[in-house]
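Shown next: final.cif, given as mmCIF, C-alpha atoms.
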data_my_file
loop_
_atom_site.label_atom_id
_atom_site.label_comp_id
_atom_site.auth_asym_id
_atom_site.auth_seq_id
_atom_site.Cartn_x
_atom_site.Cartn_y
_atom_site.Cartn_z
CA MET G 711 -0.58 -5.27 10.76
CA ALA G 712 -3.78 -3.22 10.51
CA ASN G 713 -5.20 -4.76 13.67
CA PHE G 714 -1.88 -4.39 15.49
CA LEU G 715 -1.82 -0.67 14.68
CA ASN G 716 -5.54 -0.24 15.37
CA SER G 717 -4.92 -1.60 18.87
CA GLN G 718 -2.55 1.25 19.70
CA ASN G 719 -3.96 4.05 21.86
CA ASN G 720 -3.17 6.76 19.34
CA MET G 721 -4.17 5.07 16.06
CA THR G 722 -7.35 4.18 14.21
CA VAL G 723 -6.58 1.80 11.35
CA TYR G 724 -9.45 -0.19 9.90
CA ALA G 725 -8.84 -3.34 7.91
CA ASP G 726 -10.62 -3.73 4.56
CA PHE G 727 -12.58 -0.48 4.69
CA LEU G 728 -12.88 2.40 2.18
CA ILE G 729 -11.92 -0.24 -0.37
CA SER G 730 -14.80 0.73 -2.65
CA LEU G 731 -13.07 4.05 -3.37
CA PHE G 732 -10.06 2.23 -4.80
CA VAL G 733 -12.10 -0.30 -6.76
CA SER G 734 -14.53 2.27 -8.20
CA GLY G 735 -11.76 4.79 -8.79
CA GLN G 736 -9.88 2.32 -10.94
CA ARG G 737 -12.98 1.26 -12.85
CA LEU G 738 -13.85 4.91 -13.49
CA GLN G 739 -10.28 5.45 -14.72
CA VAL G 740 -9.51 8.19 -12.23
CA ASP G 741 -5.97 8.87 -13.44
CA ASP G 742 -5.35 11.83 -11.15
CA ILE G 743 -6.70 11.73 -7.59
CA ASN G 744 -6.40 15.54 -7.38
CA THR G 745 -8.53 16.32 -10.44
CA ALA G 746 -12.13 17.52 -10.04
CA LEU G 747 -14.62 14.70 -10.55
CA ALA G 748 -17.70 14.77 -12.78
CA ASP G 749 -21.03 14.50 -10.93
CA ARG G 750 -21.64 10.99 -12.30
CA ASN G 751 -18.33 9.76 -10.92
CA LYS G 752 -19.03 11.43 -7.58
CA ASN G 753 -22.40 9.69 -7.35
CA ILE G 754 -20.86 6.30 -8.12
CA LEU G 755 -18.14 6.74 -5.51
CA ILE G 756 -20.66 7.86 -2.88
CA ALA G 757 -22.99 4.94 -3.59
CA GLY G 758 -20.19 2.42 -3.21
CA LEU G 759 -18.91 4.05 -0.05
CA LYS G 760 -22.33 4.15 1.62
CA ALA G 761 -23.01 0.51 0.74
CA GLU G 762 -19.65 -0.49 2.16
CA ALA G 763 -20.22 1.47 5.39
CA ASN G 764 -23.68 -0.06 5.84
CA ALA G 765 -22.34 -3.57 5.25
CA MET G 766 -19.66 -3.07 7.89
CA ASN G 767 -21.95 -1.23 10.32
CA VAL G 768 -19.78 1.89 10.29
CA GLU G 769 -21.93 4.94 10.95
CA GLY G 770 -21.54 8.52 9.74
CA PHE G 771 -21.44 8.00 5.96
CA ASP G 772 -25.14 8.28 5.09
CA ASN G 773 -25.16 12.07 4.82
CA ILE G 774 -22.24 12.46 2.40
CA THR G 775 -23.22 14.35 -0.76
CA LYS G 776 -21.40 15.35 -3.95
CA ASN G 777 -21.03 18.87 -2.52
CA ASP G 778 -18.80 17.59 0.30
CA PHE G 779 -15.79 16.88 -1.92
CA ASN G 780 -14.23 17.82 -5.22
CA THR G 781 -11.60 15.14 -5.95
CA TRP G 782 -11.04 11.45 -5.24
CA ASN G 783 -8.42 12.42 -2.67
CA ASP G 784 -10.91 14.77 -0.96
CA LEU G 785 -13.37 11.91 -0.55
CA PHE G 786 -10.66 9.56 0.71
CA ASP G 787 -9.63 12.10 3.35
CA LEU G 788 -13.28 12.62 4.29
CA GLY G 789 -13.70 8.87 4.69
CA LEU G 790 -10.69 8.68 7.00
CA ARG G 791 -12.12 11.49 9.16
CA LYS G 792 -15.46 9.70 9.34
CA VAL G 793 -13.69 6.55 10.56
CA VAL G 794 -12.13 8.48 13.46
CA GLU G 795 -15.46 10.11 14.34
CA PHE G 796 -17.16 6.71 14.44
CA ASP G 797 -14.36 5.19 16.49
CA GLU G 798 -14.60 8.08 18.98
CA ASN G 799 -10.91 7.81 19.83
CA THR G 800 -9.97 11.23 21.15
CA GLU G 801 -6.29 10.26 21.31
CA THR G 802 -6.04 9.41 17.59
CA LYS G 803 -2.98 10.89 15.89
CA VAL G 804 -2.88 8.50 12.92
CA VAL G 805 -5.82 7.20 10.89
CA GLY G 806 -5.58 4.70 8.06
CA ILE G 807 -6.89 1.62 6.30
CA LYS G 808 -5.58 -1.69 5.00
CA LYS G 809 -5.83 -2.41 1.27
CA THR G 810 -4.41 -5.57 -0.28
CA ILE G 811 -3.08 -5.84 -3.83
CA GLU G 812 -2.96 -2.10 -4.30
CA GLN G 813 -0.86 -0.65 -7.11
CA TYR G 814 -3.10 1.81 -8.88
CA PHE G 815 -2.90 4.79 -6.49
CA ILE G 816 0.31 4.19 -4.53
CA GLY G 817 2.48 6.80 -6.26
CA GLN G 818 -0.16 9.52 -6.07
CA LEU G 819 -0.98 8.77 -2.44
CA LEU G 820 2.68 9.17 -1.56
CA GLU G 821 2.83 12.45 -3.48
CA ASN G 822 -0.14 13.66 -1.43
CA ASP G 823 1.83 12.97 1.75
CA HIS G 824 -0.09 9.86 2.75
CA LYS G 825 2.06 7.35 4.65
CA ILE G 826 2.20 3.79 3.35
CA ILE G 827 3.36 0.64 5.13
CA TYR G 828 3.82 -1.99 2.43
CA MET G 829 3.94 -5.54 3.78
CA TYR G 830 5.20 -8.50 1.77
CA ARG G 831 5.58 -12.20 2.53
CA ASP G 832 7.35 -15.26 1.19
CA PRO G 833 5.41 -15.89 -2.05
CA ARG G 834 5.23 -19.62 -1.40
CA ASP G 835 3.34 -18.98 1.84
CA VAL G 836 1.19 -16.38 0.10
CA LEU G 837 0.11 -18.91 -2.51
CA LEU G 838 -0.61 -21.67 -0.01
CA SER G 839 -2.62 -19.28 2.15
CA ALA G 840 -4.65 -18.02 -0.82
CA LYS G 841 -5.31 -21.57 -2.01
CA ASN G 842 -6.60 -22.49 1.44
CA ARG G 843 -8.82 -19.40 1.70
CA PHE G 844 -10.31 -18.51 -1.69
CA SER G 845 -12.60 -20.76 -3.73
CA ASP G 846 -11.65 -18.93 -6.95
CA PHE G 847 -7.90 -19.24 -6.32
CA SER G 848 -5.82 -19.28 -9.51
CA LEU G 849 -2.18 -20.29 -9.16
CA TYR G 850 -1.00 -18.62 -12.36
CA THR G 851 -2.86 -15.36 -11.68
CA SER G 852 -1.67 -15.24 -8.08
CA ILE G 853 1.97 -15.90 -8.85
CA THR G 854 2.00 -13.25 -11.59
CA ARG G 855 0.28 -10.76 -9.29
CA TRP G 856 2.88 -11.22 -6.53
CA ALA G 857 5.76 -10.72 -8.96
CA LYS G 858 4.21 -7.61 -10.54
CA SER G 859 3.40 -6.11 -7.16
CA MET G 860 6.97 -6.47 -5.93
CA ASP G 861 8.36 -5.10 -9.20
CA HIS G 862 6.02 -2.13 -8.99
CA ILE G 863 6.82 -1.26 -5.38
CA GLU G 864 10.53 -1.04 -6.17
CA GLU G 865 9.82 2.34 -7.73
CA PHE G 866 8.89 3.76 -4.34
CA VAL G 867 11.18 2.03 -1.83
CA LYS G 868 13.22 5.19 -1.24
CA ASN G 869 10.21 7.44 -0.77
CA LYS G 870 10.24 9.11 2.65
CA ASN G 871 6.55 8.36 3.12
CA MET G 872 6.82 4.60 2.78
CA VAL G 873 8.43 1.67 4.57
CA LEU G 874 8.61 -1.94 3.41
CA VAL G 875 7.91 -4.52 6.09
CA LYS G 876 8.60 -8.22 5.75
CA TYR G 877 5.75 -10.24 7.27
CA GLU G 878 8.22 -12.66 8.80
CA ASP G 879 10.07 -9.79 10.50
CA LEU G 880 6.85 -8.57 12.09
CA ILE G 881 6.53 -11.97 13.76
CA LEU G 882 10.17 -12.56 14.65
CA ASN G 883 11.45 -9.00 15.17
CA LYS G 884 8.40 -6.98 16.16
CA GLU G 885 10.45 -4.46 18.15
CA ASP G 886 12.62 -3.52 15.15
CA VAL G 887 9.65 -3.37 12.79
CA SER G 888 7.67 -1.26 15.26
CA SER G 889 10.58 1.16 15.52
CA LYS G 890 10.58 1.64 11.71
CA ILE G 891 6.84 2.23 11.69
CA SER G 892 7.08 4.59 14.65
CA ASP G 893 9.67 6.68 12.80
CA LEU G 894 7.43 6.83 9.73
CA LEU G 895 4.24 7.78 11.55
CA GLY G 896 5.72 9.88 14.32
CA VAL G 897 3.94 8.03 17.12
CA GLU G 898 4.98 5.55 19.80
CA ILE G 899 4.04 1.91 19.32
CA ASN G 900 3.45 -0.57 22.12
CA THR G 901 4.44 -4.11 21.18
CA ASN G 902 3.32 -5.68 24.48
CA LEU G 903 -0.37 -6.08 23.71
CA SER G 904 -2.46 -8.87 25.19
CA THR G 905 -5.21 -8.52 22.56
CA PHE G 906 -5.77 -6.87 19.20
CA LYS G 907 -8.71 -4.63 18.38
CA LEU G 908 -10.40 -5.31 15.05
CA ARG G 909 -12.58 -2.19 15.11
CA LYS G 910 -14.92 -0.41 17.48
CA GLY G 911 -16.50 -2.98 19.78
CA SER G 912 -14.72 -5.95 18.22
CA ILE G 913 -11.74 -7.96 19.45
CA TYR G 914 -9.51 -9.48 16.77
CA LYS G 915 -8.67 -13.16 17.16
CA ASP G 916 -6.78 -14.49 14.16
CA ASN G 917 -6.77 -14.17 10.38
CA SER G 918 -5.01 -17.40 9.52
CA SER G 919 -6.22 -19.36 6.50
CA PHE G 920 -5.21 -22.49 8.42
CA HIS G 921 -6.93 -21.60 11.71
CA ASP G 922 -4.03 -22.83 13.82
CA VAL G 923 -2.72 -19.51 15.17
CA SER G 924 -3.11 -19.48 18.95
CA GLU G 925 -1.30 -16.33 20.06
CA LEU G 926 -0.19 -12.89 18.88
CA PHE G 927 2.86 -12.98 16.60
CA ASP G 928 2.57 -16.77 16.38
CA GLU G 929 5.55 -18.34 14.59
CA LYS G 930 3.37 -21.20 13.35
CA ALA G 931 2.28 -18.84 10.59
CA LEU G 932 5.82 -18.72 9.16
CA TYR G 933 7.33 -20.80 6.37
CA ARG G 934 4.46 -23.24 5.99
CA TRP G 935 5.77 -24.01 2.50
CA LYS G 936 8.56 -26.13 3.99
CA ASN G 937 5.94 -28.71 4.95
CA ASP G 938 4.40 -28.70 1.47
CA LYS G 939 7.42 -28.74 -0.84
CA ASP G 940 5.81 -31.13 -3.32
CA SER G 941 2.84 -28.84 -4.05
CA ASP G 942 2.47 -27.10 -7.41
CA GLU G 943 2.37 -23.75 -5.58
CA VAL G 944 5.73 -24.18 -3.86
CA ILE G 945 7.45 -25.72 -6.88
CA LEU G 946 6.27 -23.13 -9.40
CA ALA G 947 7.02 -20.17 -7.12
CA SER G 948 10.45 -21.52 -6.24
CA CYS G 949 11.31 -21.83 -9.93
CA LEU G 950 9.69 -18.75 -11.45
CA LEU G 951 10.42 -16.34 -8.59
CA LYS G 952 13.91 -17.59 -7.81
CA ASP G 953 15.54 -14.17 -8.30
CA GLN G 954 12.99 -12.30 -6.19
CA ILE G 955 13.10 -14.95 -3.47
CA ALA G 956 16.85 -14.38 -3.25
CA LYS G 957 16.52 -10.60 -3.46
CA TYR G 958 14.25 -10.46 -0.43
CA ASP G 959 16.39 -12.88 1.56
CA TYR G 960 14.07 -15.87 1.53
CA GLU G 961 15.44 -19.39 1.59
CA ALA G 962 16.01 -20.88 -1.85
CA TYR G 963 14.51 -24.23 -2.81
CA SER G 964 15.33 -26.19 -5.97
CA PRO G 965 12.71 -28.88 -6.72
CA GLU G 966 13.72 -32.04 -8.55
CA LYS G 967 13.53 -31.57 -12.33
CA GLY G 968 11.32 -34.60 -12.73
CA ARG G 969 8.69 -32.91 -10.60
CA SER G 970 9.15 -29.30 -11.72
CA LYS G 971 9.46 -29.86 -15.50
CA PRO G 972 5.78 -30.75 -16.19
CA ILE G 973 4.56 -27.96 -13.90
CA LEU G 974 6.69 -25.38 -15.70
CA LYS G 975 5.65 -26.78 -19.09
CA ALA G 976 1.97 -26.44 -18.21
CA TYR G 977 2.52 -22.90 -16.96
CA HIS G 978 4.35 -21.72 -20.08
CA LYS G 979 1.74 -23.37 -22.33
CA LYS G 980 -1.03 -21.52 -20.50
CA MET G 981 0.85 -18.21 -20.79
CA ARG G 982 1.37 -18.72 -24.55
CA ASN G 983 -2.29 -19.56 -25.10
CA ASP G 984 -3.42 -16.54 -23.11
CA ALA G 985 -1.09 -14.28 -25.11
CA ILE G 986 -2.50 -15.65 -28.38
CA LYS G 987 -6.08 -15.06 -27.17
CA ARG G 988 -5.26 -11.49 -26.20
CA GLY G 989 -3.69 -10.91 -29.60
CA VAL G 990 -6.72 -12.29 -31.43
CA LYS G 991 -9.11 -10.16 -29.37
CA LYS G 992 -7.01 -7.06 -30.07
CA VAL G 993 -7.07 -7.72 -33.82
CA LEU G 994 -10.83 -8.29 -33.76
CA ARG G 995 -11.38 -5.03 -31.88
CA ILE G 996 -9.24 -3.13 -34.42
CA LYS G 997 -11.13 -4.63 -37.39
CA SER G 998 -14.53 -3.97 -35.85
#

For the structure just supplied, provide its representation as structure tokens.
Amino acid sequence: MANFLNSQNNMTVYADFLISLFVSGQRLQVDDINTALADRNKNILIAGLKAEANAMNVEGFDNITKNDFNTWNDLFDLGLRKVVEFDENTETKVVGIKKTIEQYFIGQLLENDHKIIYMYRDPRDVLLSAKNRFSDFSLYTSITRWAKSMDHIEEFVKNKNMVLVKYEDLILNKEDVSSKISDLLGVEINTNLSTFKLRKGSIYKDNSSFHDVSELFDEKALYRWKNDKDSDEVILASCLLKDQIAKYDYEAYSPEKGRSKPILKAYHKKMRNDAIKRGVKKVLRIKS
């Protein structure tokens, strides 16, 4: 989505940039993005932002000082402006970034009139993709994260500054999805692109964890779970997320009990043990 939008003539949307502001902001417990920051917090945010810009070869961030902003939101806006300046796109009407697994600042960003396109995908495909991409993949953590993210976003679905986009619809119904995004952002979107632009000077190819995508909006990326129905990922998601799968109009799948029972038993045992450990740690902290 980010690369699709970044390839439009009137948009500059970088994928996976300015992420340090979100990570550091959460660690620093910035509860209000409009509240003045202490100098220490400013310095930490600047350091992370400059390191990120240097790592991604994005120029224009080296001269930022603590006097250039007052709040987290000020710095975020400044970062967006710097992205446009680096991209040198004189036709830019919309500037943005892509951030995955973001819950912490969504409500406040919407209140500050930022526009948010929230994309979701069949959780079974999400899990299989993550397993194939990340060496530290955790099935239980990932499945809980997907469920919590979707529960959290329900609070904002009627907000005028946000649209929900189903990943599968972007592939199968790109014209309809583009129309929704166009209405949100107030700009025209061209769906007939021969290539995607990753960022200044870079052409985007594909971002598939399976490296089998050969064209834009390739349907091979859809519903991979149907070819892996016996995997723990597909079975556990189909059982635990049954209600959400139905709610978002994904195809239901009911694994055989002989296969699903031990997987569910192991999951619930792990959840109980984790809850006990958290309880013990909490008691120890109170006593100490």

- Expansion of the PyMOL selection byres ((chain G and resi 915) around 9) into residues, as JSON, numbers by chain: {"G": [905, 906, 907, 908, 913, 914, 916, 917, 923, 924, 925, 926]}

Residues of the last selection are to be written out with C-alpha atoms, as a PDB file, in the frame of the given file.
ATOM      1  CA  THR G 905      -5.210  -8.520  22.560  1.00  0.00           C
ATOM      2  CA  PHE G 906      -5.770  -6.870  19.200  1.00  0.00           C
ATOM      3  CA  LYS G 907      -8.710  -4.630  18.380  1.00  0.00           C
ATOM      4  CA  LEU G 908     -10.400  -5.310  15.050  1.00  0.00           C
ATOM      5  CA  ILE G 913     -11.740  -7.960  19.450  1.00  0.00           C
ATOM      6  CA  TYR G 914      -9.510  -9.480  16.770  1.00  0.00           C
ATOM      7  CA  ASP G 916      -6.780 -14.490  14.160  1.00  0.00           C
ATOM      8  CA  ASN G 917      -6.770 -14.170  10.380  1.00  0.00           C
ATOM      9  CA  VAL G 923      -2.720 -19.510  15.170  1.00  0.00           C
ATOM     10  CA  SER G 924      -3.110 -19.480  18.950  1.00  0.00           C
ATOM     11  CA  GLU G 925      -1.300 -16.330  20.060  1.00  0.00           C
ATOM     12  CA  LEU G 926      -0.190 -12.890  18.880  1.00  0.00           C
TER      13      LEU G 926
END

Using all atoms listed in the file, determine which residues lie at most 8 Å from Trp782 (chain G), disregarding the query and same-chain residues fewer than 4 positions distant; provide the list as a compact mmCIF listing (two decimals) with C-alpha atoms, in the coordinates of the input.
# COMPACT_ATOMS: atom_id res chain seq x y z
CA LEU G 731 -13.07 4.05 -3.37
CA GLY G 735 -11.76 4.79 -8.79
CA VAL G 740 -9.51 8.19 -12.23
CA ILE G 743 -6.70 11.73 -7.59
CA ASN G 744 -6.40 15.54 -7.38
CA THR G 745 -8.53 16.32 -10.44
CA ALA G 746 -12.13 17.52 -10.04
CA LEU G 747 -14.62 14.70 -10.55
CA PHE G 786 -10.66 9.56 0.71

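Atom to atom, CA of Leu946 (chain G) and CA of Leu974 (chain G) stand 6.7 Å apart.
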
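In terms of minimum interatomic distance to Asn902 (chain G), G:Glu885 ranks closest within G:Glu762, G:Glu885, G:Asp749, G:Asp787, counting all atoms listed in the file.
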
- Item | Interatomic distance, CA of Asn869 (chain G) to CA of Gln818 (chain G) (Å, one decimal) | 11.8 Å

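Atom pair CA of Lys975 (chain G) / CA of Ala947 (chain G) has a distance of 13.7 Å (rounded to one decimal).
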
- Query: Taking the file as shown, what set of residues would the PyMOL selection byres ((chain G and resi 795) around 12) give back, as a list in words?
  - Reply: Thr722, Val768, Glu769, Gly770, Phe771, Leu788, Gly789, Leu790, Arg791, Lys792, Val793, Val794, Phe796, Asp797, Glu798, Asn799, Thr800, Glu801, Thr802, Val805 and Lys910 of chain G

- Item | Nearby residues, (7.8, 12.0, 9.0) file frame, 9 Å, only C-alpha atoms, as a PyMOL selection string | chain G and resi 825+870-871+893-896

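Using only C-alpha atoms, the nearest neighbour of Asp835 (chain G) within the list G:Arg934, G:Lys952, G:His978, G:Lys967 is G:Arg934.
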
- Option closest in space to Leu932 (chain G), from G:Glu898, G:Glu966, G:Asp741, G:Asp832 [counting all atoms listed in the file]: G:Asp832

Just need the box for region 803-814 of chain G, edges along x, y and z, holding every atom the file lists for it with 8 Å tacked onto each side, so centre and edge lengths in Å to one decimal, as AutoDock Vina command-line options.
--center_x -3.9 --center_y 2.5 --center_z 3.5 --size_x 22.0 --size_y 32.7 --size_z 40.8

Residue IDs satisfying the PyMOL selection byres ((chain G and resi 855-868) around 9), as a PDB file with C-alpha atoms, in the frame of the given file:
ATOM      1  CA  ILE G 811      -3.080  -5.840  -3.830  1.00  0.00           C
ATOM      2  CA  GLU G 812      -2.960  -2.100  -4.300  1.00  0.00           C
ATOM      3  CA  GLN G 813      -0.860  -0.650  -7.110  1.00  0.00           C
ATOM      4  CA  ILE G 816       0.310   4.190  -4.530  1.00  0.00           C
ATOM      5  CA  GLY G 817       2.480   6.800  -6.260  1.00  0.00           C
ATOM      6  CA  LEU G 820       2.680   9.170  -1.560  1.00  0.00           C
ATOM      7  CA  TYR G 828       3.820  -1.990   2.430  1.00  0.00           C
ATOM      8  CA  TYR G 830       5.200  -8.500   1.770  1.00  0.00           C
ATOM      9  CA  PRO G 833       5.410 -15.890  -2.050  1.00  0.00           C
ATOM     10  CA  VAL G 836       1.190 -16.380   0.100  1.00  0.00           C
ATOM     11  CA  TYR G 850      -1.000 -18.620 -12.360  1.00  0.00           C
ATOM     12  CA  THR G 851      -2.860 -15.360 -11.680  1.00  0.00           C
ATOM     13  CA  SER G 852      -1.670 -15.240  -8.080  1.00  0.00           C
ATOM     14  CA  ILE G 853       1.970 -15.900  -8.850  1.00  0.00           C
ATOM     15  CA  THR G 854       2.000 -13.250 -11.590  1.00  0.00           C
ATOM     16  CA  ASN G 869      10.210   7.440  -0.770  1.00  0.00           C
ATOM     17  CA  LYS G 870      10.240   9.110   2.650  1.00  0.00           C
ATOM     18  CA  ASN G 871       6.550   8.360   3.120  1.00  0.00           C
ATOM     19  CA  MET G 872       6.820   4.600   2.780  1.00  0.00           C
ATOM     20  CA  VAL G 873       8.430   1.670   4.570  1.00  0.00           C
ATOM     21  CA  LEU G 874       8.610  -1.940   3.410  1.00  0.00           C
ATOM     22  CA  LEU G 951      10.420 -16.340  -8.590  1.00  0.00           C
ATOM     23  CA  GLN G 954      12.990 -12.300  -6.190  1.00  0.00           C
TER      24      GLN G 954
END
